[in-house]
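**Q** The structure under discussion is supplied below as structure tokens; questions concerning it will follow.
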Amino acid sequence: METQFSSDVEAIKHLQQKYQALRAAIAKVVVGQDDVVSELIMAILCNGHSLLVGVPGLAKTLLVKTVADAMDLSFKRIQFTPDLMPGDITGAEILDENRHFKFIKGPVFANIILADEINRTPPKTQAALLEAMQERSVTVSGDIYNLPKPFFVLATQNPIEQEGTYPLPEAQLDRFMFLIKVDYPSFEEEVMIVKQTTGNTVEAVPKVLNGEEIMFFQQLIRKVPVPENVLHYAVKLVQSTRPNVVENELANKYLAWGAGPRASQNLILAAKCHAVLHGKFSPDIEDVNAIANAVLRHRIVINYKAATDAVTVESIIKQLSSTT
């Protein structure tokens with residue numbers, strides 16, 4: 001793959017073309033949700049996992065399946081339920097006809113895993129994904145099995161139903177590069193959705209990228225240089241979310257817990273990707289701010305005072321961005 005391009009600049013221009021083609025391919029099936037599609041593609045190009053939060057019926061599953069099709073990647077869906085066991089995700093050893101133990105791979109052995117309603121399963125089963133998300137491998141009976149490359153967990157979560165759910169622990173939330181909010185479509189978009197889904201026509205999704213190209217572009221994005229002022233801005237923004245660590249009245253008043261160093265890493269990596277996909281060869285502060293919500297909103301915990309004053313995480317991030 002790398003030998004096709006005479007320089008990194010040429011490779012970046014090729015990535016920009018692929019990005020536009022990928023968006024066009026996804027738009028054949030998924031109407032609207034432009035920001036959601038962009039953030040999902042960016043997370044994949046940064047080799048990161050994403051948590052999609054939205055009410056039922058907003059085509060979250062369809063979006064993930066369409067992205068997998070357009071990227072020519074293997075796809076598995078795991079429906080998380082209260083009785084799901086860790087072995088149902090990772091796989092398990094069985095005794096074959098020769099009385100030898102044989103490992104049967106679970107659904108986690110695919111390029112893209114859709115963890116549907118991930119907060120409906122107990123913490124023990126949620127934890128089965130932790131090693132897979134971080135190490136790209138699973139351990140069963142002391143043996144380590146590597147997952148296919150590239151590997152992404154795209155999880156969905158319903159924000160309105162709380163009965164029968166288990167909140168994701170902060171350690172697992174931090175493994176998700178982005179928390180992507182999926183909102184209702186506009187009137188025009190909903191009209192188009194109804195037209196497309198109530199007829200006989202089924203749009204085929206063209207293959208735009210493959211696994212080898214994705215891994216090449218992931219390394220290409222890591223090569224993008226970052227100016228010192230942008231690096232310092234991203235780290236200062238993350239540190240400003242930590243109450244009683246830095247002198248920040250807003251954080252001390254409204255935040256119970258702030259983002260860790262992984263947020264700084266993801267901010268810079270995502271800013272690199274955002275810059276490249278928008279025709280630049282180096283990120284600036286605008287690129288950091290463009291993806292700050294997706295990176296930080298699930299890593300910041302507001303306190304009771306914020307809830308009382310109806311202060312949202314997004315509004316806090318916006319204010320911190322403007323004062324950093």
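The chains in the structure tokens are called A, B, ... from first to last as shown; in each chain the residues are counted from 1, and the ligands are counted from 1 in the order shown.
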List every residue of stretch 89-273 of chain A that DSSP, applied to the backbone of this structure, places in alpha helix (DSSP H), and write the result as an NGL selection string.
**A** :A and (89-90 or 123-126 or 128-135 or 170-173 or 187-197 or 211-223 or 228-239 or 249-254 or 261-273)
**Q** Can I get the residues of stretch 223-266 of chain A within 12 Å of stretch 297-306 of chain A, each with the closest pair of atoms and their distance in Å to one decimal, using only C-alpha atoms, sorted chain first then ascending number, as a Markdown table?
**A**
| residue | atom | partner | partner_atom | distance |
| --- | --- | --- | --- | --- |
| A:Val238 | CA | A:Ile300 | CA | 9.7 |
| A:Gln239 | CA | A:Ile300 | CA | 11.2 |
| A:Ser240 | CA | A:Ile300 | CA | 10.9 |
| A:Thr241 | CA | A:Ile300 | CA | 7.2 |
| A:Arg242 | CA | A:Ile300 | CA | 8.5 |
| A:Pro243 | CA | A:Ile302 | CA | 10.3 |
| A:Leu250 | CA | A:Ala306 | CA | 10.0 |
| A:Ala251 | CA | A:Ile302 | CA | 8.9 |
| A:Asn252 | CA | A:Asn303 | CA | 9.8 |
| A:Lys253 | CA | A:Lys305 | CA | 7.3 |
| A:Tyr254 | CA | A:Ala306 | CA | 4.9 |
| A:Leu255 | CA | A:Ile302 | CA | 4.3 |
| A:Ala256 | CA | A:Asn303 | CA | 5.0 |
| A:Trp257 | CA | A:Val301 | CA | 5.0 |
| A:Gly258 | CA | A:Ile300 | CA | 4.8 |
| A:Ala259 | CA | A:Arg299 | CA | 5.0 |
| A:Gly260 | CA | A:Arg299 | CA | 7.7 |
| A:Pro261 | CA | A:Arg299 | CA | 10.6 |
| A:Arg262 | CA | A:Arg299 | CA | 9.6 |
| A:Ala263 | CA | A:Arg299 | CA | 7.7 |
| A:Ser264 | CA | A:Arg299 | CA | 11.1 |
| A:Asn266 | CA | A:Arg299 | CA | 11.6 |
**Q** Please determine, counting only C-alpha atoms, which residue among A:Ile291, A:Val224, A:Val235, A:Leu129 has the shortest atom-to-atom distance to A:Val153.
**A** A:Leu129
**Q** Going by DSSP on the backbone, which bits of stretch 79-279 of chain A are strand (DSSP E or B)? Write them as an MDAnalysis selection string, please.
**A** chainID A and resid 79 91:95 101:105 112:116 137:140 143:146 152:157 176:181 255:257
**Q** Set the distance at 10 Å and use only C-alpha atoms: which residues neighbour A:Pro169 once local chain neighbours fewer than 4 positions away are removed? I'd like the list as a list in words.
**A**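 Listing them by chain and then by number gives Asn119, Pro123, Gln126, Ala127, Leu173 and Asp174 of chain A.
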**Q** Keeping only C-alpha atoms, write those residues as an mmCIF file, in the first residue's frame.
**A**
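Just written: result-v5.cif:
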data_model
loop_
_atom_site.group_PDB
_atom_site.id
_atom_site.type_symbol
_atom_site.label_atom_id
_atom_site.label_comp_id
_atom_site.auth_asym_id
_atom_site.auth_seq_id
_atom_site.Cartn_x
_atom_site.Cartn_y
_atom_site.Cartn_z
ATOM 1 C CA ASN A 119 -25.248 -1.109 29.395
ATOM 2 C CA PRO A 123 -20.215 -5.508 34.853
ATOM 3 C CA GLN A 126 -18.890 -5.724 30.230
ATOM 4 C CA ALA A 127 -15.375 -6.383 31.509
ATOM 5 C CA LEU A 173 -15.861 4.523 29.301
ATOM 6 C CA ASP A 174 -12.287 5.771 29.055
#
**Q** What does the distance between atom CA of A:Pro122 and atom CA of A:Gln79 come to in Å, to one decimal place?
**A**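 About the pair atom CA of A:Pro122 and atom CA of A:Gln79: they are 13.0 Å apart.
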**Q** Contacts of A:Ile285 at 10 Å or less, counting only C-alpha atoms, minus same-chain residues fewer than 3 places along, as an MDAnalysis selection string?
**A** chainID A and resid 227 229:234 271 288:290 321
**Q** Let's have the selection written as a PDB file, in the first residue's frame, with N, CA and C atoms.
**A**
ATOM      1  N   PRO A 227       1.856  21.388  15.869  1.00  0.00           N
ATOM      2  CA  PRO A 227       2.555  22.546  16.431  1.00  0.00           C
ATOM      3  C   PRO A 227       2.534  22.518  17.964  1.00  0.00           C
ATOM      4  N   ASN A 229       2.056  24.875  20.098  1.00  0.00           N
ATOM      5  CA  ASN A 229       0.962  25.622  20.736  1.00  0.00           C
ATOM      6  C   ASN A 229      -0.333  24.820  20.745  1.00  0.00           C
ATOM      7  N   VAL A 230      -0.555  23.990  19.711  1.00  0.00           N
ATOM      8  CA  VAL A 230      -1.752  23.141  19.660  1.00  0.00           C
ATOM      9  C   VAL A 230      -1.641  22.014  20.692  1.00  0.00           C
ATOM     10  N   LEU A 231      -0.469  21.433  20.801  1.00  0.00           N
ATOM     11  CA  LEU A 231      -0.228  20.382  21.793  1.00  0.00           C
ATOM     12  C   LEU A 231      -0.463  20.909  23.207  1.00  0.00           C
ATOM     13  N   HIS A 232       0.098  22.096  23.494  1.00  0.00           N
ATOM     14  CA  HIS A 232      -0.069  22.694  24.821  1.00  0.00           C
ATOM     15  C   HIS A 232      -1.535  23.041  25.088  1.00  0.00           C
ATOM     16  N   TYR A 233      -2.236  23.528  24.060  1.00  0.00           N
ATOM     17  CA  TYR A 233      -3.651  23.884  24.224  1.00  0.00           C
ATOM     18  C   TYR A 233      -4.481  22.657  24.593  1.00  0.00           C
ATOM     19  N   ALA A 234      -4.245  21.536  23.898  1.00  0.00           N
ATOM     20  CA  ALA A 234      -5.012  20.318  24.158  1.00  0.00           C
ATOM     21  C   ALA A 234      -4.776  19.818  25.586  1.00  0.00           C
ATOM     22  N   ALA A 271      -7.552  15.405  16.455  1.00  0.00           N
ATOM     23  CA  ALA A 271      -7.313  16.694  15.795  1.00  0.00           C
ATOM     24  C   ALA A 271      -6.478  16.516  14.532  1.00  0.00           C
ATOM     25  N   VAL A 288      -8.873  20.975  17.368  1.00  0.00           N
ATOM     26  CA  VAL A 288      -9.023  20.437  18.724  1.00  0.00           C
ATOM     27  C   VAL A 288     -10.431  20.719  19.250  1.00  0.00           C
ATOM     28  N   ASN A 289     -10.888  21.962  19.064  1.00  0.00           N
ATOM     29  CA  ASN A 289     -12.217  22.329  19.550  1.00  0.00           C
ATOM     30  C   ASN A 289     -13.329  21.592  18.816  1.00  0.00           C
ATOM     31  N   ALA A 290     -13.079  21.262  17.536  1.00  0.00           N
ATOM     32  CA  ALA A 290     -14.103  20.597  16.730  1.00  0.00           C
ATOM     33  C   ALA A 290     -14.436  19.206  17.258  1.00  0.00           C
ATOM     34  N   SER A 321     -13.078  25.636  26.786  1.00  0.00           N
ATOM     35  CA  SER A 321     -12.383  25.850  25.507  1.00  0.00           C
ATOM     36  C   SER A 321     -12.137  27.330  25.263  1.00  0.00           C
TER      37      SER A 321
END
**Q** Taking only C-alpha atoms into account, which of A:Val245, A:Ala70, A:Val295, A:Val140 comes nearest A:Ala25?
**A**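 Among the listed residues, A:Ala70 lies closest to A:Ala25.
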**Q** Near A:Glu117, counting only C-alpha atoms, which residues have an atom at most 9 Å away, once you skip same-chain residues fewer than 2 positions from it, shown as a list in words?
**A**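 Neighbouring residues, sequence-local ones excluded: Ile78, Gln79, Phe80, Thr81, Ala115, Asn119, Arg120, Thr121, Ala155, Thr156, Gln157, Asn158 and Thr165 of chain A.
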**Q** For the residues in that selection, give me C-alpha atoms as a PDB file, in the first residue's frame.
**A**
ATOM      1  CA  ILE A  78     -23.673  -8.794  19.943  1.00  0.00           C
ATOM      2  CA  GLN A  79     -27.010  -8.056  21.606  1.00  0.00           C
ATOM      3  CA  PHE A  80     -26.195  -7.351  25.242  1.00  0.00           C
ATOM      4  CA  THR A  81     -28.741  -8.738  27.707  1.00  0.00           C
ATOM      5  CA  ALA A 115     -22.045  -4.046  21.108  1.00  0.00           C
ATOM      6  CA  ASN A 119     -25.248  -1.109  29.395  1.00  0.00           C
ATOM      7  CA  ARG A 120     -27.866  -3.899  29.630  1.00  0.00           C
ATOM      8  CA  THR A 121     -25.365  -6.535  30.731  1.00  0.00           C
ATOM      9  CA  ALA A 155     -21.203   0.234  21.160  1.00  0.00           C
ATOM     10  CA  THR A 156     -24.702   1.663  21.463  1.00  0.00           C
ATOM     11  CA  GLN A 157     -26.454   2.886  24.567  1.00  0.00           C
ATOM     12  CA  ASN A 158     -30.021   4.006  25.152  1.00  0.00           C
ATOM     13  CA  THR A 165     -29.294  -1.310  32.993  1.00  0.00           C
TER      14      THR A 165
END
**Q** Can you pull out every residue within 8 Å of stretch 275-277 of chain A, counting only C-alpha atoms, but drop anything in the same chain fewer than 3 positions away, and send it as a PyMOL selection string?
**A** chain A and resi 12+15-16+19+221+271-272+280-284+287
**Q** Print the selection's residues with C-alpha atoms to a file, as a CSV table (one decimal), in the first residue's frame.
**A**
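Final file, selection_25.csv:
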chain,number,residue,atom,x,y,z
A,12,ILE,CA,-3.0,12.5,2.5
A,15,LEU,CA,-7.2,9.8,2.0
A,16,GLN,CA,-9.2,13.0,1.5
A,19,TYR,CA,-13.1,10.0,2.9
A,221,ILE,CA,-2.4,10.1,10.5
A,271,ALA,CA,-7.3,16.7,15.8
A,272,LYS,CA,-4.7,15.3,13.4
A,280,LYS,CA,-5.0,20.6,6.1
A,281,PHE,CA,-1.6,19.0,6.7
A,282,SER,CA,-1.3,20.0,10.4
A,283,PRO,CA,-3.9,20.5,13.1
A,284,ASP,CA,-4.7,23.9,14.7
A,287,ASP,CA,-9.4,21.2,15.0
